[in-house]
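Okay, run06.txt now, which holds compact mmCIF, C-alpha atoms and all ligand atoms:
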```txt
# COMPACT_ATOMS: atom_id res chain seq x y z
CA MET A 1277 0.00 0.00 0.00
CA LYS A 1278 2.67 2.45 1.11
CA PHE A 1279 4.76 1.44 -1.86
CA ASP A 1280 1.89 2.23 -4.25
CA LEU A 1281 1.31 5.59 -2.63
CA ASP A 1282 5.02 6.52 -2.80
CA ASP A 1283 5.10 5.45 -6.41
CA ARG A 1284 2.08 7.57 -7.23
CA LEU A 1285 3.59 10.63 -5.53
CA ARG A 1286 6.81 10.13 -7.50
CA SER A 1287 4.97 9.99 -10.82
CA GLN A 1288 2.98 13.08 -9.90
CA LEU A 1289 6.21 14.90 -9.13
CA ALA A 1290 7.76 13.72 -12.40
CA GLY A 1291 4.69 15.17 -14.15
CA LYS A 1292 5.15 18.55 -12.44
CA LEU A 1293 8.85 18.63 -13.35
CA ALA A 1294 8.03 17.80 -16.97
CA GLN A 1295 6.37 21.25 -17.32
CA PHE A 1296 9.82 22.82 -17.39
CA PRO A 1297 12.28 22.72 -20.27
CA ARG A 1298 15.40 20.69 -19.54
CA THR A 1299 18.54 20.31 -21.61
CA PRO A 1300 20.36 16.98 -21.11
CA LEU A 1301 23.89 17.58 -19.82
CA GLY A 1302 24.64 14.81 -17.34
CA HIS A 1303 24.58 11.08 -16.66
CA PHE A 1304 21.48 10.12 -14.68
CA PRO A 1305 20.52 8.40 -12.47
CA THR A 1306 23.76 8.72 -10.53
CA PRO A 1307 24.69 5.59 -8.54
CA LEU A 1308 23.63 4.95 -4.93
CA GLU A 1309 26.30 2.85 -3.24
CA PRO A 1310 27.03 1.52 0.26
CA MET A 1311 30.14 2.81 2.05
CA ASP A 1312 30.80 -0.29 4.10
CA ARG A 1313 34.38 0.43 5.10
CA LEU A 1314 33.36 3.86 6.38
CA SER A 1315 30.41 2.32 8.26
CA GLU A 1316 32.83 -0.17 9.81
CA ALA A 1317 35.35 2.52 10.72
CA LEU A 1318 32.72 4.69 12.43
CA GLY A 1319 30.29 2.18 13.92
CA GLY A 1320 26.73 3.57 13.95
CA PRO A 1321 24.33 3.43 10.99
CA ARG A 1322 25.08 2.02 7.57
CA PHE A 1323 26.36 4.82 5.36
CA TRP A 1324 25.50 5.17 1.68
CA VAL A 1325 26.73 7.62 -0.91
CA LYS A 1326 24.60 9.16 -3.67
CA ARG A 1327 27.17 9.77 -6.38
CA ASP A 1328 26.33 13.23 -7.73
CA ASP A 1329 30.08 13.58 -8.19
CA CYS A 1330 29.45 11.27 -11.17
CA THR A 1331 27.14 13.50 -13.21
CA GLY A 1332 29.58 13.25 -16.10
CA LEU A 1333 29.96 16.91 -17.06
CA SER A 1334 33.58 18.09 -16.76
CA SER A 1335 34.39 15.79 -13.80
CA GLY A 1336 30.86 16.09 -12.39
CA GLY A 1337 29.16 17.66 -9.42
CA ASN A 1338 25.84 18.99 -8.19
CA LYS A 1339 25.64 22.01 -10.51
CA THR A 1340 24.98 19.75 -13.51
CA ARG A 1341 21.42 18.98 -12.37
CA LYS A 1342 20.68 22.69 -11.89
CA LEU A 1343 22.25 23.62 -15.21
CA GLU A 1344 19.98 21.24 -17.13
CA PHE A 1345 17.06 23.51 -16.18
CA LEU A 1346 18.97 26.82 -16.25
CA MET A 1347 20.54 26.25 -19.66
CA ALA A 1348 17.19 25.17 -21.10
CA ASP A 1349 15.74 28.46 -19.83
CA ALA A 1350 18.65 30.38 -21.37
CA GLN A 1351 18.14 28.64 -24.70
CA GLN A 1352 14.40 29.26 -24.59
CA GLN A 1353 15.11 32.98 -24.11
CA GLY A 1354 17.41 32.98 -27.14
CA ALA A 1355 20.61 33.63 -25.18
CA ASP A 1356 23.95 33.37 -26.98
CA THR A 1357 26.09 34.18 -23.93
CA ILE A 1358 26.15 32.93 -20.34
CA ILE A 1359 27.42 34.97 -17.39
CA THR A 1360 27.96 33.50 -13.95
CA GLN A 1361 30.02 34.05 -10.82
CA GLY A 1362 31.60 32.17 -7.93
CA ALA A 1363 34.61 31.98 -5.65
CA THR A 1364 38.01 31.40 -7.27
CA GLN A 1365 37.78 27.59 -7.00
CA SER A 1366 34.09 27.53 -7.94
CA ASN A 1367 32.82 24.14 -9.10
CA HIS A 1368 29.71 25.90 -10.33
CA ALA A 1369 31.77 28.12 -12.63
CA ARG A 1370 33.59 25.08 -14.06
CA GLN A 1371 30.40 23.13 -14.77
CA THR A 1372 28.74 26.21 -16.26
CA ALA A 1373 31.73 26.76 -18.56
CA ALA A 1374 31.50 23.12 -19.70
CA ALA A 1375 27.73 23.32 -20.26
CA ALA A 1376 28.12 26.54 -22.26
CA ALA A 1377 30.82 24.91 -24.41
CA LYS A 1378 28.59 21.91 -25.12
CA LEU A 1379 25.67 24.15 -26.09
CA ASN A 1380 27.77 26.51 -28.22
CA LEU A 1381 27.23 29.51 -25.95
CA GLU A 1382 29.85 32.10 -25.07
CA CYS A 1383 30.70 32.04 -21.36
CA HIS A 1384 31.91 34.79 -19.02
CA ILE A 1385 32.93 33.93 -15.49
CA LEU A 1386 33.52 36.40 -12.67
CA LEU A 1387 35.60 34.98 -9.83
CA GLU A 1388 35.46 36.58 -6.38
CA ASP A 1389 38.61 36.38 -4.28
CA ARG A 1390 36.96 35.22 -1.05
CA THR A 1391 40.07 33.71 0.58
CA GLY A 1392 42.86 36.19 -0.25
CA SER A 1393 45.16 33.25 -1.09
CA ASN A 1394 48.30 33.99 -3.12
CA ASP A 1395 48.95 30.31 -3.82
CA PRO A 1396 49.39 29.91 -7.60
CA SER A 1397 47.69 26.48 -7.43
CA TYR A 1398 44.64 28.05 -5.82
CA ASN A 1399 44.54 30.87 -8.33
CA LEU A 1400 45.38 28.98 -11.52
CA ASN A 1401 45.00 25.21 -11.09
CA GLY A 1402 41.97 23.01 -10.30
CA ASN A 1403 38.69 24.58 -11.35
CA VAL A 1404 40.34 27.73 -12.72
CA LEU A 1405 42.41 25.67 -15.16
CA LEU A 1406 39.24 23.89 -16.28
CA ASP A 1407 37.19 27.12 -16.66
CA ARG A 1408 39.79 28.34 -19.10
CA LEU A 1409 40.19 24.97 -20.81
CA HIS A 1410 36.45 25.03 -21.56
CA GLY A 1411 37.01 28.37 -23.30
CA ALA A 1412 35.32 30.65 -20.78
CA SER A 1413 36.60 34.18 -20.33
CA VAL A 1414 37.59 34.54 -16.68
CA SER A 1415 37.92 37.81 -14.80
CA ARG A 1416 38.48 38.49 -11.12
CA ARG A 1417 36.82 40.65 -8.51
CA PRO A 1418 37.97 41.45 -4.96
CA GLY A 1419 36.44 39.69 -1.95
CA GLY A 1420 33.20 41.34 -0.81
CA ALA A 1421 32.34 42.75 -4.27
CA ASP A 1422 28.63 42.85 -5.12
CA MET A 1423 28.85 39.98 -7.57
CA GLN A 1424 25.22 40.16 -8.73
CA ALA A 1425 25.78 43.84 -9.61
CA GLU A 1426 29.07 42.96 -11.34
CA MET A 1427 27.23 40.43 -13.50
CA GLU A 1428 24.48 42.93 -14.37
CA THR A 1429 27.10 45.50 -15.39
CA LEU A 1430 28.82 42.98 -17.64
CA ALA A 1431 25.43 41.94 -19.09
CA SER A 1432 24.64 45.56 -20.05
CA LYS A 1433 28.02 45.93 -21.67
CA LEU A 1434 27.53 42.76 -23.70
CA ARG A 1435 24.00 43.80 -24.67
CA ALA A 1436 25.39 47.08 -25.99
CA GLN A 1437 27.68 44.96 -28.18
CA GLY A 1438 24.65 43.17 -29.64
CA LYS A 1439 24.88 40.00 -27.55
CA SER A 1440 22.04 38.28 -25.70
CA PRO A 1441 23.44 37.41 -22.29
CA TYR A 1442 21.74 35.18 -19.70
CA VAL A 1443 22.82 35.61 -16.09
CA VAL A 1444 23.05 32.45 -13.99
CA PRO A 1445 23.09 33.31 -10.27
CA GLY A 1446 25.97 32.11 -8.09
CA GLY A 1447 25.73 28.36 -7.50
CA GLY A 1448 22.84 28.21 -10.00
CA SER A 1449 20.63 28.73 -6.96
CA ASN A 1450 17.27 30.12 -7.90
CA ALA A 1451 13.85 28.49 -8.29
CA ILE A 1452 14.81 27.23 -11.76
CA GLY A 1453 18.14 25.66 -10.78
CA ALA A 1454 16.69 24.13 -7.62
CA LEU A 1455 14.34 22.05 -9.80
CA GLY A 1456 17.39 19.89 -10.47
CA TYR A 1457 17.40 18.84 -6.82
CA VAL A 1458 13.66 18.27 -6.76
CA GLU A 1459 14.42 15.76 -9.50
CA CYS A 1460 17.25 14.32 -7.40
CA ALA A 1461 14.81 13.76 -4.50
CA ARG A 1462 12.57 11.84 -6.89
CA GLU A 1463 15.46 9.86 -8.34
CA LEU A 1464 16.97 8.95 -4.96
CA THR A 1465 13.70 7.79 -3.38
CA GLU A 1466 12.95 5.71 -6.48
CA GLN A 1467 16.38 4.06 -6.32
CA ALA A 1468 15.96 3.37 -2.62
CA ALA A 1469 12.51 1.85 -3.21
CA ASN A 1470 13.89 -0.38 -5.96
CA ILE A 1471 16.44 -1.95 -3.62
CA GLY A 1472 14.19 -1.94 -0.55
CA LEU A 1473 16.37 0.60 1.25
CA GLU A 1474 14.75 2.66 3.99
CA ILE A 1475 16.59 5.95 4.25
CA ASP A 1476 16.59 7.51 7.73
CA ALA A 1477 18.57 10.68 6.97
CA LEU A 1478 20.19 12.48 4.03
CA VAL A 1479 23.27 14.63 4.68
CA HIS A 1480 25.06 16.99 2.28
CA ALA A 1481 27.01 20.25 2.00
CA THR A 1482 24.91 23.41 1.73
CA GLY A 1483 26.24 26.70 0.33
CA SER A 1484 24.26 28.89 -2.06
CA SER A 1485 21.32 26.70 -0.95
CA GLY A 1486 19.74 25.46 -4.20
CA THR A 1487 20.64 21.86 -3.49
CA GLN A 1488 18.98 21.68 -0.10
CA ALA A 1489 16.05 23.86 -1.20
CA GLY A 1490 15.32 21.53 -4.12
CA LEU A 1491 15.70 18.43 -1.97
CA VAL A 1492 13.42 19.77 0.73
CA ALA A 1493 10.79 20.89 -1.79
CA GLY A 1494 11.00 17.46 -3.45
CA MET A 1495 10.84 15.51 -0.18
CA SER A 1496 7.83 17.59 0.92
CA ALA A 1497 6.01 16.82 -2.33
CA LEU A 1498 6.83 13.13 -1.83
CA LYS A 1499 5.71 13.29 1.83
CA VAL A 1500 8.99 11.68 2.83
CA ASP A 1501 9.53 11.78 6.58
CA PHE A 1502 13.32 11.57 6.95
CA ASN A 1503 15.53 14.55 7.71
CA VAL A 1504 17.59 16.37 5.11
CA LEU A 1505 20.55 17.80 7.01
CA GLY A 1506 22.65 20.47 5.29
CA ILE A 1507 26.15 21.04 6.62
CA GLY A 1508 27.00 24.70 6.09
CA VAL A 1509 30.22 25.92 4.48
CA ARG A 1510 29.88 29.69 4.82
CA ALA A 1511 26.93 31.38 6.59
CA PRO A 1512 25.85 30.90 10.20
CA LYS A 1513 22.92 28.52 10.88
CA GLU A 1514 20.11 31.05 11.07
CA LYS A 1515 21.08 32.77 7.84
CA GLN A 1516 21.69 29.47 6.04
CA GLU A 1517 18.35 27.98 7.08
CA GLY A 1518 16.61 31.22 6.11
CA MET A 1519 18.15 31.16 2.62
CA VAL A 1520 17.28 27.50 2.09
CA TYR A 1521 13.72 27.94 3.36
CA ASP A 1522 13.04 31.01 1.17
CA LEU A 1523 14.27 29.22 -1.92
CA ALA A 1524 12.43 25.99 -1.05
CA VAL A 1525 9.17 27.97 -0.76
CA LYS A 1526 9.78 29.66 -4.14
CA THR A 1527 10.68 26.36 -5.75
CA ALA A 1528 7.56 24.57 -4.46
CA ASP A 1529 5.50 27.54 -5.58
CA ARG A 1530 6.96 27.41 -9.08
CA LEU A 1531 6.32 23.68 -9.30
CA GLY A 1532 2.86 23.88 -7.81
CA THR A 1533 3.59 21.35 -5.07
CA GLU A 1534 2.94 21.06 -1.35
CA PRO A 1535 4.06 24.13 0.67
CA VAL A 1536 7.29 23.47 2.56
CA ALA A 1537 7.19 23.42 6.38
CA ARG A 1538 9.89 25.55 8.00
CA ASP A 1539 10.93 22.72 10.31
CA ARG A 1540 11.99 20.59 7.34
CA VAL A 1541 14.95 22.90 6.82
CA ILE A 1542 17.84 21.97 9.08
CA ALA A 1543 21.39 23.22 8.71
CA ASN A 1544 24.35 22.60 10.98
CA CYS A 1545 26.99 25.29 10.48
CA ASP A 1546 29.50 24.12 13.11
CA TYR A 1547 32.05 22.84 10.57
CA VAL A 1548 32.85 26.01 8.59
CA GLY A 1549 36.04 26.69 10.56
CA PRO A 1550 37.76 30.04 9.93
CA GLY A 1551 35.69 30.77 6.82
CA TYR A 1552 34.49 29.83 3.35
CA GLY A 1553 37.15 27.98 1.37
CA LEU A 1554 39.63 27.93 4.26
CA PRO A 1555 40.87 24.48 5.27
CA THR A 1556 40.09 22.90 8.66
CA ASP A 1557 41.80 19.93 10.34
CA GLY A 1558 38.50 18.07 10.39
CA MET A 1559 38.07 18.51 6.63
CA VAL A 1560 41.60 17.24 5.98
CA SER A 1561 41.08 14.12 8.16
CA ALA A 1562 37.68 13.44 6.62
CA ILE A 1563 39.01 13.62 3.06
CA LYS A 1564 41.94 11.36 3.94
CA LEU A 1565 39.66 8.84 5.68
CA LEU A 1566 37.32 8.56 2.70
CA ALA A 1567 40.17 8.44 0.19
CA GLN A 1568 41.79 5.64 2.18
CA THR A 1569 38.73 3.58 3.17
CA GLU A 1570 36.41 4.00 0.20
CA GLY A 1571 38.69 5.18 -2.62
CA LEU A 1572 36.45 8.24 -2.97
CA LEU A 1573 37.55 11.82 -3.59
CA PHE A 1574 35.86 14.71 -1.81
CA ASP A 1575 36.64 18.43 -1.99
CA PRO A 1576 38.15 20.90 0.50
CA VAL A 1577 35.46 23.61 0.29
CA TYR A 1578 32.14 21.73 0.40
CA SER A 1579 31.89 17.95 0.56
CA GLY A 1580 35.01 17.59 2.76
CA LYS A 1581 33.57 19.91 5.41
CA ALA A 1582 30.19 18.20 5.17
CA LEU A 1583 31.89 14.82 5.70
CA ASP A 1584 33.71 16.24 8.69
CA GLY A 1585 30.25 17.06 10.05
CA LEU A 1586 28.90 13.60 9.21
CA ILE A 1587 31.82 11.88 10.95
CA ASP A 1588 31.84 14.12 14.02
CA LEU A 1589 28.05 13.95 14.47
CA THR A 1590 28.20 10.15 14.17
CA ARG A 1591 30.86 10.00 16.87
CA LYS A 1592 28.69 12.21 19.09
CA GLY A 1593 25.74 9.81 18.69
CA HIS A 1594 23.59 12.16 16.56
CA PHE A 1595 22.51 9.29 14.28
CA GLU A 1596 22.00 6.77 17.09
CA GLY A 1597 19.15 4.37 16.41
CA LEU A 1598 19.17 5.12 12.67
CA ARG A 1599 19.83 2.34 10.17
CA ASN A 1600 20.65 4.01 6.87
CA VAL A 1601 22.19 7.43 6.35
CA VAL A 1602 22.83 8.66 2.82
CA PHE A 1603 25.55 11.21 2.12
CA LEU A 1604 24.90 13.15 -1.07
CA HIS A 1605 28.28 13.56 -2.75
CA THR A 1606 28.03 16.92 -4.46
CA GLY A 1607 31.39 16.59 -6.25
CA GLY A 1608 34.18 19.13 -6.37
CA SER A 1609 37.28 16.93 -6.48
CA ALA A 1610 38.82 19.25 -9.11
CA GLY A 1611 39.17 21.71 -6.22
CA LEU A 1612 41.71 19.39 -4.56
CA PHE A 1613 44.28 20.59 -7.08
CA GLY A 1614 43.80 24.14 -5.82
CA TYR A 1615 44.82 23.05 -2.30
CA PRO A 1616 47.90 20.82 -2.74
CA ASP A 1617 49.50 21.95 0.54
CA ALA A 1618 46.46 21.46 2.76
CA PHE A 1619 46.96 17.73 3.13
CA ASP A 1620 50.44 17.43 4.64
CA LEU A 1621 51.16 14.05 3.07
CA PRO A 1622 54.35 12.04 3.66
CA ASP A 1623 56.96 12.16 0.84
C1 LIG B 1701 28.07 24.28 -4.96
C2 LIG B 1701 28.49 23.09 -4.20
C3 LIG B 1701 27.79 22.68 -3.04
C4 LIG B 1701 26.68 23.47 -2.43
O1 LIG B 1701 25.49 23.42 -3.15
P1 LIG B 1701 24.48 24.66 -3.07
O2 LIG B 1701 23.38 24.29 -3.94
O3 LIG B 1701 25.29 25.86 -3.53
O4 LIG B 1701 24.09 24.82 -1.65
C5 LIG B 1701 28.18 21.52 -2.42
N1 LIG B 1701 29.23 20.81 -2.87
C6 LIG B 1701 29.94 21.17 -3.96
C7 LIG B 1701 31.09 20.34 -4.36
C8 LIG B 1701 29.59 22.33 -4.65
O5 LIG B 1701 30.31 22.68 -5.72
```

What would you get if you wrote out this structure as structure tokens?
Ligand SMILES: *Cc1c(COP(=O)(O)O)cnc(C)c1O
Amino acid sequence: MKFDLDDRLRSQLAGKLAQFPRTPLGHFPTPLEPMDRLSEALGGPRFWVKRDDCTGLSSGGNKTRKLEFLMADAQQQGADTIITQGATQSNHARQTAAAAAKLNLECHILLEDRTGSNDPSYNLNGNVLLDRLHGASVSRRPGGADMQAEMETLASKLRAQGKSPYVVPGGGSNAIGALGYVECARELTEQAANIGLEIDALVHATGSSGTQAGLVAGMSALKVDFNVLGIGVRAPKEKQEGMVYDLAVKTADRLGTEPVARDRVIANCDYVGPGYGLPTDGMVSAIKLLAQTEGLLFDPVYSGKALDGLIDLTRKGHFEGLRNVVFLHTGGSAGLFGYPDAFDLPD
């Protein structure tokens, strides 16, 4: 009975999502795999990983799902040029540059210097290397710049030159991009149902908030009762939860689904450390542990800090009594090459 109901809710949600144009860019569904060596190392629930690092586009990551909806919108509006912004080692910028290349659109990326690092690897390798390899034009702005205003200024300039620019917000996080994570909620619950897996909690990194907003809107529409826990990488808890909630409400509104309850939005922002993009000891240990127990690569800015949270919260008993906890791997391993000195590895 329950199975039939869940199935019906998933097809209804698929129907709602089908109202929106979507340009195929990635490999879906992404795998859902057990992390048995990690589960063994930590004790506690069985851990699973949803492999959104394997979306296929330019080494993958969570922005691919958002870009399928955003790029379709850009194409529908007749855009010939894409503008977006992010931090220097932005995974979003890299995936946007790749998507633009694939769709024959010009791409302009504005990178904000949020860390003040002078390390040439940070400034030129990793995602920055790939932005340029994909043919995007890259320009820099100082930390604290009004990046939305910078993009609008560039858009006006390009319009005056006869171009039709489309501005993708930072992280692809608006009610269009977040549809990608509504779809992920549908995909993940379908996969779990197919293998008889009962998910008790879903944990992931939350930044510009489109990922969690889409997931929460999707899980509300599916009437799923497990928690989606975002581990923050920048803002304090109250601000982060506020951003996610606002966007989840807009996303549900756009889709025409169930309103989202405020208490569905939970962020833990205790693992940011000294600031966005700045390494922490916990992140370094978490990335090493996963690389050495599961053969998986996580990133220093987002998924590594979220894993630090997952591991620490497990050790503190936060998941006690739960059977299955899924970690959504949002990608970002290209960013490792921007932080070669963070890991203090033996020669
Ligand atoms: C952008 C990003 C996130 C955060 O997703 P938001 O939708 O911005 O909250 C998490 N992990 C990685 C690797 C990212 O690049």

Each residue of chain A with at least one atom at most 7 Å from ligand LIG 1701 (chain B) should appear once, together with its nearest atom pair and the corresponding distance in Å (one decimal); atoms considered: only C-alpha atoms and all ligand atoms; ordering: chain, then increasing residue number; output as JSON lines.
```
{"residue": "A:Gly1337", "atom": "CA", "partner": "B:LIG1701", "partner_atom": "C7", "distance": 6.0}
{"residue": "A:Asn1338", "atom": "CA", "partner": "B:LIG1701", "partner_atom": "C8", "distance": 6.1}
{"residue": "A:Lys1339", "atom": "CA", "partner": "B:LIG1701", "partner_atom": "C1", "distance": 6.5}
{"residue": "A:Ser1366", "atom": "CA", "partner": "B:LIG1701", "partner_atom": "O5", "distance": 6.5}
{"residue": "A:Asn1367", "atom": "CA", "partner": "B:LIG1701", "partner_atom": "O5", "distance": 4.5}
{"residue": "A:His1368", "atom": "CA", "partner": "B:LIG1701", "partner_atom": "O5", "distance": 5.7}
{"residue": "A:Gly1447", "atom": "CA", "partner": "B:LIG1701", "partner_atom": "O3", "distance": 4.7}
{"residue": "A:Ser1449", "atom": "CA", "partner": "B:LIG1701", "partner_atom": "O2", "distance": 6.0}
{"residue": "A:Ala1481", "atom": "CA", "partner": "B:LIG1701", "partner_atom": "C5", "distance": 4.7}
{"residue": "A:Thr1482", "atom": "CA", "partner": "B:LIG1701", "partner_atom": "O4", "distance": 3.8}
{"residue": "A:Gly1483", "atom": "CA", "partner": "B:LIG1701", "partner_atom": "O4", "distance": 3.5}
{"residue": "A:Ser1484", "atom": "CA", "partner": "B:LIG1701", "partner_atom": "O3", "distance": 3.5}
{"residue": "A:Ser1485", "atom": "CA", "partner": "B:LIG1701", "partner_atom": "O4", "distance": 3.4}
{"residue": "A:Gly1486", "atom": "CA", "partner": "B:LIG1701", "partner_atom": "O2", "distance": 3.8}
{"residue": "A:Thr1487", "atom": "CA", "partner": "B:LIG1701", "partner_atom": "O2", "distance": 3.7}
{"residue": "A:Gln1488", "atom": "CA", "partner": "B:LIG1701", "partner_atom": "O4", "distance": 6.2}
{"residue": "A:Asp1575", "atom": "CA", "partner": "B:LIG1701", "partner_atom": "C7", "distance": 6.3}
{"residue": "A:Tyr1578", "atom": "CA", "partner": "B:LIG1701", "partner_atom": "N1", "distance": 4.5}
{"residue": "A:Ser1579", "atom": "CA", "partner": "B:LIG1701", "partner_atom": "N1", "distance": 5.2}
{"residue": "A:Thr1606", "atom": "CA", "partner": "B:LIG1701", "partner_atom": "N1", "distance": 4.4}
{"residue": "A:Gly1607", "atom": "CA", "partner": "B:LIG1701", "partner_atom": "C7", "distance": 4.2}
{"residue": "A:Gly1608", "atom": "CA", "partner": "B:LIG1701", "partner_atom": "C7", "distance": 3.9}
```

Just to be explicit: take each residue in the selection above, keep C-alpha atoms, and write the result as a short mmCIF file (atom, residue, chain, number, x, y, z; two decimals), keeping the file's coordinate frame.
```
data_model
loop_
_atom_site.label_atom_id
_atom_site.label_comp_id
_atom_site.auth_asym_id
_atom_site.auth_seq_id
_atom_site.Cartn_x
_atom_site.Cartn_y
_atom_site.Cartn_z
CA GLY A 1337 29.16 17.66 -9.42
CA ASN A 1338 25.84 18.99 -8.19
CA LYS A 1339 25.64 22.01 -10.51
CA SER A 1366 34.09 27.53 -7.94
CA ASN A 1367 32.82 24.14 -9.10
CA HIS A 1368 29.71 25.90 -10.33
CA GLY A 1447 25.73 28.36 -7.50
CA SER A 1449 20.63 28.73 -6.96
CA ALA A 1481 27.01 20.25 2.00
CA THR A 1482 24.91 23.41 1.73
CA GLY A 1483 26.24 26.70 0.33
CA SER A 1484 24.26 28.89 -2.06
CA SER A 1485 21.32 26.70 -0.95
CA GLY A 1486 19.74 25.46 -4.20
CA THR A 1487 20.64 21.86 -3.49
CA GLN A 1488 18.98 21.68 -0.10
CA ASP A 1575 36.64 18.43 -1.99
CA TYR A 1578 32.14 21.73 0.40
CA SER A 1579 31.89 17.95 0.56
CA THR A 1606 28.03 16.92 -4.46
CA GLY A 1607 31.39 16.59 -6.25
CA GLY A 1608 34.18 19.13 -6.37
#
```

> So which residues touch segment 1457-1474 of chain A within 7 Å, counting all atoms listed in the file, skipping near sequence neighbours fewer than 2 positions away, as an MDAnalysis selection string?
Replying inline: chainID A and resid 1286 1305 1341 1454:1455 1476 1487 1490:1491 1493:1495 1600

> Hey, which of A:Pro1297, A:Pro1441, A:Gly1597, A:Gly1551 ends up closest to Arg1322 of chain A? Count only C-alpha atoms.
Replying inline: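 Checking each candidate against Arg1322 of chain A, we get A:Gly1597 as the closest.
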
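The space between atom CA of Asp1329 of chain A and atom CA of Asp1620 of chain A spans 24.4 Å.
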
>> Can you tell me which residues surround Asn1399 of chain A at a distance of at most 8 Å, considering all atoms listed in the file, apart from same-chain residues fewer than 5 positions away, and format the answer as an NGL selection string?
In response: :A and (1364-1365 or 1393-1394 or 1404 or 1614)

Go ahead and write the residues just picked, C-alpha atoms, as a PDB file, keeping the file's coordinate frame.
```
ATOM      1  CA  THR A1364      38.010  31.400  -7.270  1.00  0.00           C
ATOM      2  CA  GLN A1365      37.780  27.590  -7.000  1.00  0.00           C
ATOM      3  CA  SER A1393      45.160  33.250  -1.090  1.00  0.00           C
ATOM      4  CA  ASN A1394      48.300  33.990  -3.120  1.00  0.00           C
ATOM      5  CA  VAL A1404      40.340  27.730 -12.720  1.00  0.00           C
ATOM      6  CA  GLY A1614      43.800  24.140  -5.820  1.00  0.00           C
TER       7      GLY A1614
END
```

> In Å, with one decimal, what is the gap from atom CA of Lys1326 of chain A to atom CA of Tyr1615 of chain A?
Replying inline: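 Result for atom CA of Lys1326 of chain A versus atom CA of Tyr1615 of chain A: 24.6 Å, one decimal.
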
> Quick one: of A:Leu1289, A:Leu1531, A:Leu1387, A:Ala1375, who's nearest to Asp1422 of chain A, counting only C-alpha atoms?
Replying inline: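 Smallest separation from Asp1422 of chain A among the options: A:Leu1387.
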
> Pick from A:Pro1310, A:Gly1549, A:Pro1616, A:Pro1576: nearest to Val1601 of chain A, with all atoms listed in the file counted?
Replying inline: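 Closest to Val1601 of chain A, using all atoms listed in the file: A:Pro1310.
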
>> Using only C-alpha atoms, can you tell me which of A:Leu1314, A:Val1492, A:Ala1511, A:Ile1452 comes closest to Pro1535 of chain A?
In response: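 Of A:Leu1314, A:Val1492, A:Ala1511, A:Ile1452, the one nearest Pro1535 of chain A, counting only C-alpha atoms, is A:Val1492.
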
>> Would you compute the distance between atom CA of Pro1512 of chain A and atom CA of Gly1553 of chain A? Give it in Å to one decimal.
In response: 14.6 Å

>> Given the point (37.5, 34.6, -17.3) in the file's coordinates, find the residues that have an atom at most 8 Å from it, counting all atoms listed in the file, and give them as number ranges by chain.
In response: A: 1384-1387, 1407-1408, 1412-1416

Please produce a file of those selected residues containing C-alpha atoms, as a compact mmCIF listing (two decimals), in the coordinates of the input.
```txt
# COMPACT_ATOMS: atom_id res chain seq x y z
CA HIS A 1384 31.91 34.79 -19.02
CA ILE A 1385 32.93 33.93 -15.49
CA LEU A 1386 33.52 36.40 -12.67
CA LEU A 1387 35.60 34.98 -9.83
CA ASP A 1407 37.19 27.12 -16.66
CA ARG A 1408 39.79 28.34 -19.10
CA ALA A 1412 35.32 30.65 -20.78
CA SER A 1413 36.60 34.18 -20.33
CA VAL A 1414 37.59 34.54 -16.68
CA SER A 1415 37.92 37.81 -14.80
CA ARG A 1416 38.48 38.49 -11.12
```

>> So that I can check the surroundings of Ser1334 of chain A, please list as a ChimeraX atom specification every protein, DNA and RNA residue that reaches within 12 Å of it, counting all atoms listed in the file and ignoring chain neighbours fewer than 5 positions away.
In response: /A:1301-1303,1329,1339-1340,1367-1378,1402-1403,1405-1407,1409-1410,1607-1610

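Counting only C-alpha atoms and comparing A:Thr1533, A:Thr1569, A:Thr1590, A:Thr1357, the residue that lies closest to Gln1288 of chain A is A:Thr1533.
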
> In terms of the shortest atom-to-atom distance over only C-alpha atoms, which of A:Phe1603, A:Phe1345, A:Ala1421, A:Ile1542 is closest to Gln1295 of chain A?
Replying inline: A:Phe1345

> Could you name the residues that touch Gly1354 of chain A at 12 Å or less, counting all atoms listed in the file, but leaving out those on the same chain fewer than 2 positions away, as an MDAnalysis selection string?
Replying inline: chainID A and resid 1347:1352 1356:1358 1381 1439:1442

When you look at Leu1285 of chain A with a cut-off of 9 Å (counting all atoms listed in the file), what residues show up, excluding the ones that are within fewer than 4 positions of it in the same chain? I need them as a tab-separated table (two decimals) with C-alpha atoms, keeping the file's coordinate frame.
```tsv
chain	number	residue	atom	x	y	z
A	1280	ASP	CA	1.89	2.23	-4.25
A	1281	LEU	CA	1.31	5.59	-2.63
A	1289	LEU	CA	6.21	14.90	-9.13
A	1290	ALA	CA	7.76	13.72	-12.40
A	1497	ALA	CA	6.01	16.82	-2.33
A	1498	LEU	CA	6.83	13.13	-1.83
A	1499	LYS	CA	5.71	13.29	1.83
```
